[in-house]
file coords.txt (compact mmCIF, C-alpha atoms)
# COMPACT_ATOMS: atom_id res chain seq x y z
CA MET A 2 45.27 -5.84 -8.79
CA THR A 3 42.37 -3.45 -8.35
CA ILE A 4 38.88 -4.87 -8.81
CA ASN A 5 35.84 -2.59 -9.09
CA LYS A 6 32.20 -3.12 -9.92
CA PHE A 7 30.16 -0.73 -12.06
CA GLN A 8 26.44 -0.67 -12.74
CA GLY A 9 24.29 0.76 -15.51
CA LYS A 10 21.03 0.35 -17.34
CA THR A 11 22.92 -1.29 -20.25
CA GLU A 12 26.20 -3.15 -20.62
CA GLU A 13 27.62 -0.30 -22.66
CA GLU A 14 26.77 2.25 -19.98
CA ALA A 15 28.44 0.22 -17.24
CA ILE A 16 31.58 -0.34 -19.35
CA GLU A 17 31.85 3.35 -20.12
CA LYS A 18 31.70 4.10 -16.41
CA ALA A 19 34.41 1.55 -15.80
CA LYS A 20 36.69 3.05 -18.48
CA SER A 21 36.06 6.56 -17.22
CA GLU A 22 36.97 5.57 -13.67
CA MET A 23 39.81 3.10 -14.23
CA GLY A 24 41.15 3.99 -17.67
CA GLN A 25 41.36 2.21 -21.02
CA GLY A 26 43.68 -0.56 -19.83
CA LEU A 27 41.09 -2.36 -17.72
CA VAL A 28 39.98 -5.94 -18.22
CA ILE A 29 36.28 -6.82 -18.16
CA MET A 30 36.13 -9.91 -15.97
CA ASN A 31 32.42 -10.53 -15.68
CA VAL A 32 29.05 -9.13 -16.83
CA ARG A 33 25.81 -10.13 -15.22
CA VAL A 34 22.21 -9.00 -15.10
CA VAL A 35 21.16 -8.05 -11.55
CA LYS A 36 17.56 -8.29 -10.45
CA PRO A 37 16.63 -5.76 -7.71
CA LYS A 38 16.34 -7.35 -4.29
CA GLY A 39 13.34 -7.16 -1.99
CA LEU A 40 9.84 -8.52 -2.06
CA PHE A 41 8.76 -6.24 -4.90
CA GLY A 42 11.96 -6.55 -6.89
CA PHE A 43 10.08 -8.29 -9.69
CA LEU A 44 8.31 -5.01 -10.39
CA LYS A 45 11.57 -3.12 -10.90
CA THR A 46 13.84 -3.00 -13.97
CA PRO A 47 16.98 -5.20 -13.84
CA TYR A 48 20.36 -3.55 -14.39
CA TYR A 49 23.80 -4.66 -15.57
CA GLU A 50 26.82 -5.11 -13.34
CA VAL A 51 30.33 -5.24 -14.77
CA THR A 52 33.33 -6.52 -12.82
CA ALA A 53 36.47 -4.80 -14.10
CA ALA A 54 40.07 -5.32 -13.06
CA MET A 55 43.34 -3.46 -13.58
CA GLU A 56 46.87 -4.32 -12.53
CA ASP A 57 48.52 -1.96 -10.14
CA LYS A 58 51.12 0.24 -11.81
CA GLU A 59 53.96 -1.05 -9.68
CA GLN A 60 53.15 -4.62 -10.72
CA SER A 61 52.41 -4.09 -14.39
CA ALA A 62 56.05 -4.53 -15.48
CA VAL A 63 56.72 -7.62 -13.37
CA PRO A 64 56.74 -10.84 -15.41
CA ALA A 65 54.46 -13.67 -14.44
CA PRO A 66 56.12 -15.94 -11.85
CA ALA A 67 56.54 -19.63 -12.34
CA ALA A 68 53.92 -22.10 -11.21
CA GLY A 69 53.90 -22.62 -7.45
CA GLY A 70 55.14 -19.10 -6.73
CA ALA A 71 53.31 -16.26 -5.03
CA HIS A 72 51.02 -15.72 -8.03
CA ARG A 73 49.17 -17.86 -10.54
CA SER A 74 48.41 -17.02 -14.18
CA ILE A 75 45.26 -17.62 -16.22
CA ASP A 76 45.35 -17.36 -20.01
CA LEU A 77 42.71 -14.97 -21.30
CA ALA A 78 43.71 -14.96 -24.95
CA ALA A 79 46.66 -15.80 -27.11
CA ASP A 80 48.59 -12.69 -26.08
CA GLU A 81 46.85 -11.59 -22.86
CA GLN A 82 47.49 -12.55 -19.24
CA ILE A 83 46.52 -11.20 -15.83
CA ASP A 84 47.99 -12.01 -12.45
CA LEU A 85 45.80 -13.00 -9.54
CA PRO A 86 46.92 -13.29 -5.92
CA LYS A 87 46.23 -16.43 -3.98
CA PRO A 88 42.58 -16.69 -2.85
CA GLY A 89 42.04 -14.71 0.30
CA PRO A 90 39.60 -12.30 1.87
CA VAL A 91 38.66 -9.40 -0.37
CA GLN A 92 39.04 -6.14 1.53
CA PRO A 93 36.03 -3.83 1.39
CA SER A 94 38.26 -0.99 0.24
CA ALA A 95 39.18 -2.98 -2.83
CA VAL A 96 35.63 -3.27 -4.10
CA ARG A 97 33.64 -0.21 -5.08
CA GLN A 98 29.92 -0.15 -5.88
CA VAL A 99 29.19 2.41 -8.54
CA VAL A 100 26.26 1.81 -10.96
CA PRO A 101 25.86 -1.11 -15.08
CA PRO A 102 28.82 -1.72 -19.57
CA VAL A 103 30.92 -4.35 -22.84
CA GLU A 104 33.68 -5.78 -24.78
CA PRO A 105 33.83 -9.37 -25.96
CA ILE A 106 34.62 -11.63 -23.00
CA SER A 107 36.55 -14.83 -23.27
CA GLU A 108 35.48 -18.02 -21.54
CA ALA A 109 38.55 -17.79 -19.30
CA ALA A 110 37.59 -14.29 -18.23
CA ARG A 111 34.13 -15.52 -17.35
CA ALA A 112 35.72 -18.26 -15.26
CA VAL A 113 37.73 -15.68 -13.34
CA GLY A 114 34.56 -13.71 -12.68
CA ASP A 115 32.79 -16.84 -11.44
CA ILE A 116 35.64 -17.52 -9.01
CA LEU A 117 35.47 -14.00 -7.63
CA ASN A 118 31.67 -14.07 -7.34
CA ALA A 119 31.76 -17.42 -5.54
CA HIS A 120 34.37 -16.10 -3.13
CA ALA A 121 32.36 -12.94 -2.40
CA ALA A 122 29.23 -15.02 -1.87
CA GLN A 123 31.10 -17.20 0.64
CA GLN A 124 32.20 -14.11 2.58
CA GLN A 125 28.68 -12.75 2.57
CA THR A 126 27.35 -16.07 3.93
CA GLU A 127 29.91 -16.09 6.75
CA ALA A 128 29.15 -12.49 7.66
CA SER A 129 25.43 -13.20 7.79
CA LYS A 130 25.95 -15.78 10.53
CA THR A 131 27.19 -13.11 12.94
CA SER A 132 24.75 -10.35 12.01
CA ALA A 133 21.39 -9.62 13.65
CA PHE A 134 18.69 -9.39 10.98
CA THR A 135 15.17 -8.07 11.17
CA ASP A 136 12.37 -10.29 9.88
CA THR A 137 12.27 -8.31 6.64
CA ASP A 138 16.00 -8.78 6.18
CA VAL A 139 15.60 -12.53 6.70
CA ILE A 140 13.06 -12.78 3.87
CA GLU A 141 15.19 -10.67 1.54
CA GLU A 142 18.22 -12.78 2.49
CA ARG A 143 16.33 -15.95 1.57
CA LEU A 144 15.40 -14.52 -1.81
CA GLU A 145 19.00 -13.48 -2.36
CA ASN A 146 20.20 -16.93 -1.29
CA LEU A 147 17.88 -18.46 -3.85
CA GLN A 148 19.56 -16.43 -6.59
CA GLN A 149 23.00 -17.47 -5.27
CA PHE A 150 21.99 -21.13 -5.27
CA LEU A 151 20.84 -20.86 -8.88
CA GLU A 152 24.03 -19.11 -9.93
CA LYS A 153 26.12 -21.69 -8.11
CA LYS A 154 24.20 -24.49 -9.80
CA LEU A 155 25.00 -23.03 -13.20
CA THR A 156 28.71 -22.47 -12.53
CA ASP A 157 29.63 -25.56 -10.54
CA ASP A 158 30.78 -28.46 -12.68
CA ALA A 159 29.76 -31.17 -10.25
CA PRO A 160 27.48 -30.10 -7.41
CA SER A 161 27.07 -32.55 -4.57
CA LYS A 162 23.81 -34.38 -3.90
CA GLU A 163 23.41 -32.67 -0.52
CA SER A 164 23.77 -29.16 -1.98
CA GLY A 165 21.25 -30.10 -4.67
CA LYS A 166 18.69 -31.15 -2.06
CA GLU A 167 19.28 -27.96 -0.08
CA MET A 168 18.77 -25.82 -3.17
CA GLU A 169 15.57 -27.69 -4.02
CA THR A 170 14.19 -26.98 -0.53
CA VAL A 171 15.01 -23.27 -0.67
CA ILE A 172 13.54 -22.94 -4.15
CA SER A 173 10.27 -24.60 -3.22
CA GLU A 174 9.82 -22.55 -0.03
CA ASP A 175 10.83 -19.17 -1.42
CA GLU A 176 9.00 -19.52 -4.72
CA GLU A 177 5.84 -20.39 -2.80
CA SER A 178 6.15 -17.30 -0.57
CA VAL A 179 6.85 -15.03 -3.54
CA ARG A 180 3.90 -16.54 -5.42
CA ILE A 181 1.58 -15.88 -2.48
CA PHE A 182 2.71 -12.27 -2.03
CA ARG A 183 2.50 -11.65 -5.78
CA MET A 184 -1.04 -13.04 -5.81
CA LEU A 185 -2.04 -10.80 -2.91
CA TYR A 186 -0.44 -7.77 -4.54
CA ARG A 187 -2.27 -8.27 -7.83
CA THR A 188 -5.58 -9.09 -6.12
CA LEU A 189 -5.51 -5.90 -4.06
CA LEU A 190 -4.38 -3.89 -7.07
CA ASP A 191 -7.28 -5.29 -9.12
CA ASN A 192 -9.60 -4.11 -6.35
CA GLU A 193 -8.11 -0.62 -6.80
CA VAL A 194 -6.29 -0.45 -3.49
CA ASP A 195 -3.61 2.21 -3.78
CA GLU A 196 -0.08 0.80 -4.26
CA VAL A 197 1.22 2.82 -1.30
CA TYR A 198 -1.14 1.03 1.07
CA ILE A 199 -0.54 -2.37 -0.55
CA ASN A 200 3.20 -2.01 0.05
CA GLN A 201 2.66 -0.91 3.65
CA LEU A 202 0.34 -3.83 4.30
CA LEU A 203 2.57 -6.50 2.79
CA ASP A 204 5.64 -5.04 4.48
CA ASP A 205 3.85 -5.42 7.82
CA VAL A 206 3.05 -9.05 7.03
CA MET A 207 6.63 -9.72 5.99
CA LYS A 208 7.71 -8.86 9.53
CA VAL A 209 5.82 -11.84 10.93
CA ALA A 210 6.33 -14.27 8.03
CA ARG A 211 8.77 -17.11 8.54
CA LYS A 212 10.63 -19.43 6.22
CA GLY A 213 8.20 -21.92 4.74
CA SER A 214 5.11 -20.01 5.92
CA SER A 215 1.98 -21.54 4.46
CA MET A 216 -0.60 -19.71 2.40
CA ASP A 217 -3.07 -19.99 5.28
CA PHE A 218 -0.57 -18.36 7.64
CA ILE A 219 0.16 -15.44 5.30
CA LEU A 220 -3.48 -14.89 4.33
CA SER A 221 -4.62 -14.93 7.96
CA HIS A 222 -2.09 -12.25 8.88
CA VAL A 223 -3.03 -10.11 5.88
CA TYR A 224 -6.69 -10.48 6.84
CA GLN A 225 -6.01 -9.49 10.45
CA LYS A 226 -3.89 -6.50 9.43
CA MET A 227 -6.61 -5.19 7.13
CA ILE A 228 -9.28 -5.61 9.82
CA LEU A 229 -7.12 -3.57 12.19
CA LYS A 230 -6.58 -0.87 9.59
CA PHE A 231 -10.32 -0.46 9.08
CA GLY A 232 -10.90 -0.17 12.83
CA ASN A 233 -14.32 0.06 14.48
CA PRO A 234 -17.34 1.92 13.05
CA HIS A 235 -18.51 5.12 14.76
CA VAL A 236 -22.27 4.69 14.90
CA ILE A 237 -25.11 6.75 16.35
CA THR A 238 -25.95 6.04 19.98
CA VAL A 239 -28.85 7.45 21.98
CA LYS A 240 -27.93 8.49 25.50
CA GLY A 241 -28.68 11.34 27.85
CA LYS A 242 -31.73 13.58 28.06
CA LYS A 243 -30.84 15.88 25.18
CA PRO A 244 -31.26 14.71 21.59
CA GLN A 245 -28.37 13.30 19.60
CA ILE A 246 -27.87 15.42 16.47
CA ALA A 247 -26.44 13.83 13.30
CA PHE A 248 -25.28 16.06 10.45
CA PHE A 249 -24.91 14.59 6.97
CA ILE A 250 -22.55 16.39 4.60
CA GLY A 251 -21.16 15.50 1.20
CA PRO A 252 -21.29 16.29 -2.52
CA THR A 253 -24.47 16.15 -4.56
CA GLY A 254 -25.69 12.85 -5.94
CA VAL A 255 -24.14 10.51 -3.36
CA GLY A 256 -27.45 9.65 -1.67
CA LYS A 257 -27.40 11.74 1.53
CA THR A 258 -31.18 12.13 1.79
CA THR A 259 -31.89 8.45 1.16
CA THR A 260 -29.20 7.46 3.66
CA ILE A 261 -30.78 9.70 6.32
CA ALA A 262 -34.16 8.06 5.71
CA LYS A 263 -32.66 4.58 6.03
CA ILE A 264 -30.94 5.28 9.35
CA ALA A 265 -33.93 7.15 10.76
CA SER A 266 -36.22 4.25 9.82
CA LYS A 267 -33.99 1.79 11.65
CA PHE A 268 -34.17 3.78 14.88
CA LYS A 269 -37.87 4.56 14.53
CA VAL A 270 -39.16 1.12 13.54
CA GLU A 271 -36.68 -1.25 15.15
CA GLN A 272 -35.81 0.65 18.34
CA GLY A 273 -38.89 2.82 18.83
CA LYS A 274 -36.93 6.08 19.09
CA LYS A 275 -38.44 9.51 18.46
CA VAL A 276 -36.79 10.98 15.36
CA ALA A 277 -37.03 14.39 13.68
CA PHE A 278 -35.63 15.91 10.50
CA LEU A 279 -34.03 19.25 9.68
CA THR A 280 -32.92 20.22 6.19
CA ALA A 281 -30.66 23.07 5.18
CA ASP A 282 -30.70 22.00 1.54
CA THR A 283 -32.81 24.77 0.09
CA TYR A 284 -30.87 24.73 -3.19
CA ARG A 285 -32.73 21.65 -4.44
CA ILE A 286 -36.49 21.57 -3.99
CA SER A 287 -36.56 17.90 -4.90
CA ALA A 288 -34.34 17.03 -1.94
CA THR A 289 -36.68 18.77 0.49
CA GLU A 290 -39.74 17.08 -0.97
CA GLN A 291 -38.05 13.69 -0.87
CA LEU A 292 -37.20 14.08 2.81
CA ARG A 293 -40.72 15.34 3.51
CA THR A 294 -42.12 12.14 2.01
CA TYR A 295 -39.97 10.02 4.32
CA ALA A 296 -40.93 12.20 7.30
CA ASN A 297 -44.65 11.69 6.60
CA ILE A 298 -44.18 7.92 6.33
CA LEU A 299 -42.36 7.83 9.69
CA ASP A 300 -44.74 10.36 11.26
CA ALA A 301 -41.77 12.58 12.09
CA PRO A 302 -41.53 16.40 11.98
CA LEU A 303 -39.53 18.14 9.26
CA THR A 304 -38.18 21.68 9.62
CA VAL A 305 -36.59 23.64 6.76
CA ILE A 306 -33.67 25.91 7.70
CA TYR A 307 -33.11 28.82 5.32
CA ALA A 308 -30.10 30.31 7.13
CA PRO A 309 -27.53 28.76 9.51
CA GLU A 310 -28.63 31.11 12.30
CA GLU A 311 -32.02 29.36 12.44
CA LEU A 312 -30.50 26.06 13.59
CA PRO A 313 -30.33 26.64 17.39
CA ALA A 314 -33.97 27.67 17.60
CA ALA A 315 -35.10 24.74 15.46
CA VAL A 316 -33.17 22.25 17.61
CA SER A 317 -34.54 23.81 20.80
CA LYS A 318 -38.12 23.15 19.64
CA LEU A 319 -37.25 19.45 19.18
CA SER A 320 -35.57 18.98 22.55
CA ASP A 321 -37.89 16.10 23.56
CA TYR A 322 -36.82 13.94 20.60
CA ASP A 323 -34.14 11.26 20.78
CA LEU A 324 -32.52 11.88 17.39
CA ILE A 325 -32.41 14.84 15.02
CA PHE A 326 -31.13 14.21 11.50
CA VAL A 327 -29.81 17.27 9.65
CA ASP A 328 -29.56 17.18 5.86
CA THR A 329 -27.19 19.70 4.25
CA ALA A 330 -26.68 20.94 0.72
CA GLY A 331 -24.12 19.29 -1.50
CA PHE A 332 -21.80 21.69 -3.24
CA SER A 333 -18.74 21.98 -5.40
CA HIS A 334 -15.40 22.50 -3.68
CA LYS A 335 -15.15 25.72 -5.72
CA ASN A 336 -18.31 27.20 -4.14
CA GLU A 337 -16.93 29.25 -1.24
CA VAL A 338 -20.32 30.64 -0.15
CA GLN A 339 -21.97 27.25 0.36
CA ARG A 340 -18.87 25.88 2.06
CA GLU A 341 -18.83 28.71 4.58
CA ASP A 342 -22.58 28.32 5.22
CA THR A 343 -22.13 24.63 5.96
CA LYS A 344 -19.14 25.29 8.21
CA LYS A 345 -21.11 27.88 10.17
CA LEU A 346 -24.08 25.51 10.46
CA LEU A 347 -21.94 22.83 12.06
CA GLN A 348 -20.39 25.23 14.58
CA LEU A 349 -23.51 27.02 15.83
CA LEU A 350 -24.63 24.44 18.41
CA GLY A 351 -21.37 24.37 20.30
CA THR A 352 -20.94 21.72 23.00
CA GLN A 353 -24.39 21.87 24.58
CA TYR A 354 -25.62 19.03 22.35
CA GLN A 355 -24.12 15.70 21.41
CA THR A 356 -23.34 15.92 17.70
CA ILE A 357 -21.83 13.66 15.08
CA VAL A 358 -20.91 14.57 11.50
CA TYR A 359 -21.02 12.05 8.67
CA LEU A 360 -19.37 12.62 5.31
CA VAL A 361 -21.36 10.62 2.76
CA LEU A 362 -19.35 9.32 -0.21
CA SER A 363 -20.15 7.15 -3.18
CA ALA A 364 -18.07 4.00 -3.63
CA THR A 365 -18.19 4.60 -7.40
CA THR A 366 -16.29 7.92 -7.22
CA LYS A 367 -12.68 7.95 -8.46
CA TYR A 368 -10.00 7.85 -5.77
CA ARG A 369 -8.46 11.14 -6.88
CA ASP A 370 -11.83 12.89 -6.59
CA LEU A 371 -12.52 11.27 -3.22
CA LYS A 372 -9.28 12.68 -1.86
CA GLU A 373 -10.19 16.18 -2.99
CA ILE A 374 -13.64 15.85 -1.41
CA CYS A 375 -12.16 14.64 1.88
CA ASP A 376 -9.64 17.46 1.96
CA MET A 377 -12.30 20.07 1.25
CA TYR A 378 -14.72 18.83 3.93
CA ARG A 379 -11.89 18.41 6.43
CA SER A 380 -11.55 22.19 6.38
CA ILE A 381 -15.17 22.36 7.55
CA SER A 382 -15.29 19.74 10.30
CA ASP A 383 -14.01 16.41 11.55
CA TYR A 384 -16.21 13.58 10.36
CA SER A 385 -16.88 9.86 10.14
CA LEU A 386 -17.57 8.20 6.79
CA ILE A 387 -20.59 6.60 5.14
CA PHE A 388 -20.09 4.82 1.82
CA THR A 389 -23.05 4.45 -0.52
CA LYS A 390 -23.72 2.60 -3.79
CA LEU A 391 -21.64 -0.48 -2.98
CA ASP A 392 -24.04 -2.38 -5.22
CA GLU A 393 -22.86 -0.33 -8.20
CA THR A 394 -19.20 -1.31 -8.06
CA SER A 395 -17.15 -4.50 -7.97
CA ALA A 396 -13.96 -2.83 -6.66
CA TYR A 397 -13.90 -1.92 -2.99
CA GLY A 398 -10.35 -0.61 -2.70
CA ASN A 399 -11.47 3.00 -2.25
CA LEU A 400 -12.98 2.14 1.12
CA LEU A 401 -9.55 1.19 2.45
CA ASN A 402 -7.83 4.01 0.55
CA ILE A 403 -10.02 6.74 2.00
CA LYS A 404 -10.11 5.20 5.46
CA LEU A 405 -6.32 5.43 5.58
CA TYR A 406 -6.03 8.69 3.67
CA ALA A 407 -8.59 10.63 5.72
CA ASP A 408 -7.91 8.77 8.98
CA ALA A 409 -11.65 8.69 9.60
CA ASP A 410 -13.87 5.84 10.81
CA ILE A 411 -16.24 4.19 8.35
CA SER A 412 -19.60 3.94 10.09
CA TYR A 413 -22.26 2.75 7.63
CA MET A 414 -22.48 1.33 4.12
CA THR A 415 -25.44 1.16 1.74
CA ASN A 416 -25.99 -1.21 -1.16
CA GLY A 417 -29.28 -0.21 -2.79
CA GLN A 418 -32.25 2.17 -2.81
CA ASN A 419 -34.62 0.22 -0.59
CA VAL A 420 -35.56 2.01 2.62
CA PRO A 421 -34.72 0.92 5.28
CA ASP A 422 -33.25 -2.44 4.26
CA ASP A 423 -30.26 -1.51 2.09
CA ILE A 424 -28.04 -0.12 4.84
CA ALA A 425 -25.87 -1.71 7.50
CA VAL A 426 -23.25 -0.83 10.06
CA PHE A 427 -19.88 -1.10 8.35
CA GLN A 428 -18.66 -4.69 8.40
CA SER A 429 -14.89 -4.73 7.97
CA GLN A 430 -14.80 -8.53 7.75
CA GLU A 431 -17.15 -8.53 4.77
CA ILE A 432 -15.18 -5.87 2.88
CA VAL A 433 -11.79 -7.44 3.62
CA LYS A 434 -12.97 -10.77 2.22
CA LYS A 435 -14.06 -9.03 -0.97
CA LEU A 436 -10.74 -7.17 -1.21
CA LEU A 437 -8.89 -10.47 -0.94
CA GLY A 438 -10.94 -11.99 -3.75
CA GLY A 439 -13.66 -13.72 -1.74
CA ASP A 440 -17.41 -13.63 -2.31
call {"tool": "encode", "arguments": {"input": "coords.txt", "output": "structure tokens"}}
result
Amino acid sequence: MTINKFQGKTEEEAIEKAKSEMGQGLVIMNVRVVKPKGLFGFLKTPYYEVTAAMEDKEQSAVPAPAAGGAHRSIDLAADEQIDLPKPGPVQPSAVRQVVPPVEPISEAARAVGDILNAHAAQQQTEASKTSAFTDTDVIEERLENLQQFLEKKLTDDAPSKESGKEMETVISEDEESVRIFRMLYRTLLDNEVDEVYINQLLDDVMKVARKGSSMDFILSHVYQKMILKFGNPHVITVKGKKPQIAFFIGPTGVGKTTTIAKIASKFKVEQGKKVAFLTADTYRISATEQLRTYANILDAPLTVIYAPEELPAAVSKLSDYDLIFVDTAGFSHKNEVQREDTKKLLQLLGTQYQTIVYLVLSATTKYRDLKEICDMYRSISDYSLIFTKLDETSAYGNLLNIKLYADADISYMTNGQNVPDDIAVFQSQEIVKKLLGGD
């Protein structure tokens, strides 16, 4: 007898595949709904699997032997019989995985299918004892074992007390793990973390999870993984005799000028450093006037640069200052002239000064737009990130998304308009807690 398995989105589709492959004389032995394996299988669509059998041509004319002979018979219907060999190992060549299809199935046929499924499950269990699994495979095996236990419970007429206790233990442990991972998945998704990064993160945690891992264990590893992914902030440091020069780039409306004022105030008031301002944003008069107001309050010089070529001379005049903050014009990614001017501005100083470039982004901007902004500014210069307007959103997933997408350090974050209070060095612990649903 030849036994094959066929899969399809519907029963009918799987049966049609079986008939096309094996012919019209096949017998449908079993039909079952298969749930995709893996941690995220619950997000995928189940499919149908049909077990079909056909007698070999050389045996089709042989009458059924008497009881106790080399074969045994099982009645399928009033005028239908199939011959089955004695139970033994099923050779891999005899079972083919194709993809789910159905005719009416008798109770006897279902019984035959249950016998075959139980036998295949036993072989799979024995093979697993001699195989070396990765941690991910172990978790997927446990989930698969849970399904096998449930199927066995439904098909066995009289399960033993010991097997019942074992099944209860596996169910409680695996359902708890799945519940925890599902909760984490949905929490991160609600915080607008991209699904690609959620899957990567939870896959990493699966590699260290063990059977019966507690919620505290899983959450602590997720927390640690996310902290590592955020990395350390790249902040401004004052060292050496020459001034440190910080360029601030980014689209319009994200709060570049206010962010510059906040950081400059911190260094001026709290650390007593000498700060100066340069602005190349001559497209918006209001931006220049706003920065001039902050410069007057801090008693710091402000120089307006009308062309990139003026930058070296302006910096040279401020050589006795500790920090020079350079404001640039925001522009559309379609504006080639402004993009080239900004690129030239950032390259004019060369290596004679210590420079750092910050791309300022709003936490309220859509992820798709943030990616386009990062790509466009990456063509200008390498950069670290500053996120503004955290007080205007309740979803912080874009911070992790862009950190991983741009592979750039997040240095500062702002959460209001107050100068200089509403700014801080990026705190990964604080953001991770919020991403995981904490306060």
call {"tool": "residues_near_point", "arguments": {"input": "coords.txt", "point": "(-19.2, 21.1, 10.4)", "cutoff": "10 Å", "atoms": "all atoms listed in the file", "output": "PyMOL selection string"}}
result
chain A and resi 248-250+340-349+356-360+378-384
call {"tool": "atom_distance", "arguments": {"input": "coords.txt", "atom1": "CA of Val327 (chain A)", "atom2": "CA of Asn402 (chain A)"}}
result
27.2 Å
call {"tool": "closest_residue", "arguments": {"input": "coords.txt", "among": "A:Asp328, A:Glu310, A:Asp376, A:Glu50", "to": "Lys6 (chain A)", "atoms": "all atoms listed in the file"}}
result
A:Glu50
call {"tool": "atom_distance", "arguments": {"input": "coords.txt", "atom1": "CA of Arg293 (chain A)", "atom2": "CA of Thr253 (chain A)"}}
result
18.2 Å
call {"tool": "closest_residue", "arguments": {"input": "coords.txt", "among": "A:Tyr48, A:Thr258, A:His235, A:Tyr186", "to": "Tyr198 (chain A)", "atoms": "only C-alpha atoms"}}
result
A:Tyr186
call {"tool": "build_atoms", "arguments": {"input": "coords.txt", "residues": "region 375-388 of chain A", "atoms": "N, CA, C and O atoms", "output": "mmCIF file, in the frame of the given file"}}
result
data_model
loop_
_atom_site.group_PDB
_atom_site.id
_atom_site.type_symbol
_atom_site.label_atom_id
_atom_site.label_comp_id
_atom_site.auth_asym_id
_atom_site.auth_seq_id
_atom_site.Cartn_x
_atom_site.Cartn_y
_atom_site.Cartn_z
ATOM 1 N N CYS A 375 -12.536 14.782 0.470
ATOM 2 C CA CYS A 375 -12.160 14.640 1.880
ATOM 3 C C CYS A 375 -11.370 15.834 2.379
ATOM 4 O O CYS A 375 -11.578 16.322 3.495
ATOM 5 N N ASP A 376 -10.446 16.300 1.566
ATOM 6 C CA ASP A 376 -9.640 17.460 1.960
ATOM 7 C C ASP A 376 -10.512 18.703 2.125
ATOM 8 O O ASP A 376 -10.335 19.478 3.075
ATOM 9 N N MET A 377 -11.446 18.885 1.206
ATOM 10 C CA MET A 377 -12.300 20.070 1.250
ATOM 11 C C MET A 377 -13.209 20.060 2.483
ATOM 12 O O MET A 377 -13.329 21.059 3.200
ATOM 13 N N TYR A 378 -13.818 18.907 2.776
ATOM 14 C CA TYR A 378 -14.720 18.830 3.930
ATOM 15 C C TYR A 378 -13.955 18.784 5.248
ATOM 16 O O TYR A 378 -14.513 19.123 6.297
ATOM 17 N N ARG A 379 -12.697 18.386 5.210
ATOM 18 C CA ARG A 379 -11.890 18.410 6.430
ATOM 19 C C ARG A 379 -11.690 19.837 6.912
ATOM 20 O O ARG A 379 -11.537 20.090 8.119
ATOM 21 N N SER A 380 -11.688 20.791 5.989
ATOM 22 C CA SER A 380 -11.550 22.190 6.380
ATOM 23 C C SER A 380 -12.815 22.712 7.056
ATOM 24 O O SER A 380 -12.804 23.782 7.670
ATOM 25 N N ILE A 381 -13.898 21.959 6.942
ATOM 26 C CA ILE A 381 -15.170 22.360 7.550
ATOM 27 C C ILE A 381 -15.332 21.743 8.932
ATOM 28 O O ILE A 381 -15.705 22.407 9.900
ATOM 29 N N SER A 382 -15.059 20.428 9.033
ATOM 30 C CA SER A 382 -15.290 19.740 10.300
ATOM 31 C C SER A 382 -14.622 18.367 10.275
ATOM 32 O O SER A 382 -14.346 17.818 9.203
ATOM 33 N N ASP A 383 -14.375 17.827 11.460
ATOM 34 C CA ASP A 383 -14.010 16.410 11.550
ATOM 35 C C ASP A 383 -15.253 15.591 11.244
ATOM 36 O O ASP A 383 -16.385 16.027 11.478
ATOM 37 N N TYR A 384 -15.052 14.367 10.761
ATOM 38 C CA TYR A 384 -16.210 13.580 10.360
ATOM 39 C C TYR A 384 -15.898 12.082 10.410
ATOM 40 O O TYR A 384 -14.736 11.662 10.457
ATOM 41 N N SER A 385 -16.963 11.299 10.418
ATOM 42 C CA SER A 385 -16.880 9.860 10.140
ATOM 43 C C SER A 385 -17.430 9.653 8.730
ATOM 44 O O SER A 385 -18.022 10.556 8.139
ATOM 45 N N LEU A 386 -17.248 8.448 8.198
ATOM 46 C CA LEU A 386 -17.570 8.200 6.790
ATOM 47 C C LEU A 386 -18.765 7.258 6.636
ATOM 48 O O LEU A 386 -18.948 6.325 7.433
ATOM 49 N N ILE A 387 -19.556 7.518 5.608
ATOM 50 C CA ILE A 387 -20.590 6.600 5.140
ATOM 51 C C ILE A 387 -20.366 6.388 3.651
ATOM 52 O O ILE A 387 -20.279 7.360 2.897
ATOM 53 N N PHE A 388 -20.258 5.128 3.240
ATOM 54 C CA PHE A 388 -20.090 4.820 1.820
ATOM 55 C C PHE A 388 -21.408 4.281 1.257
ATOM 56 O O PHE A 388 -22.007 3.363 1.832
#
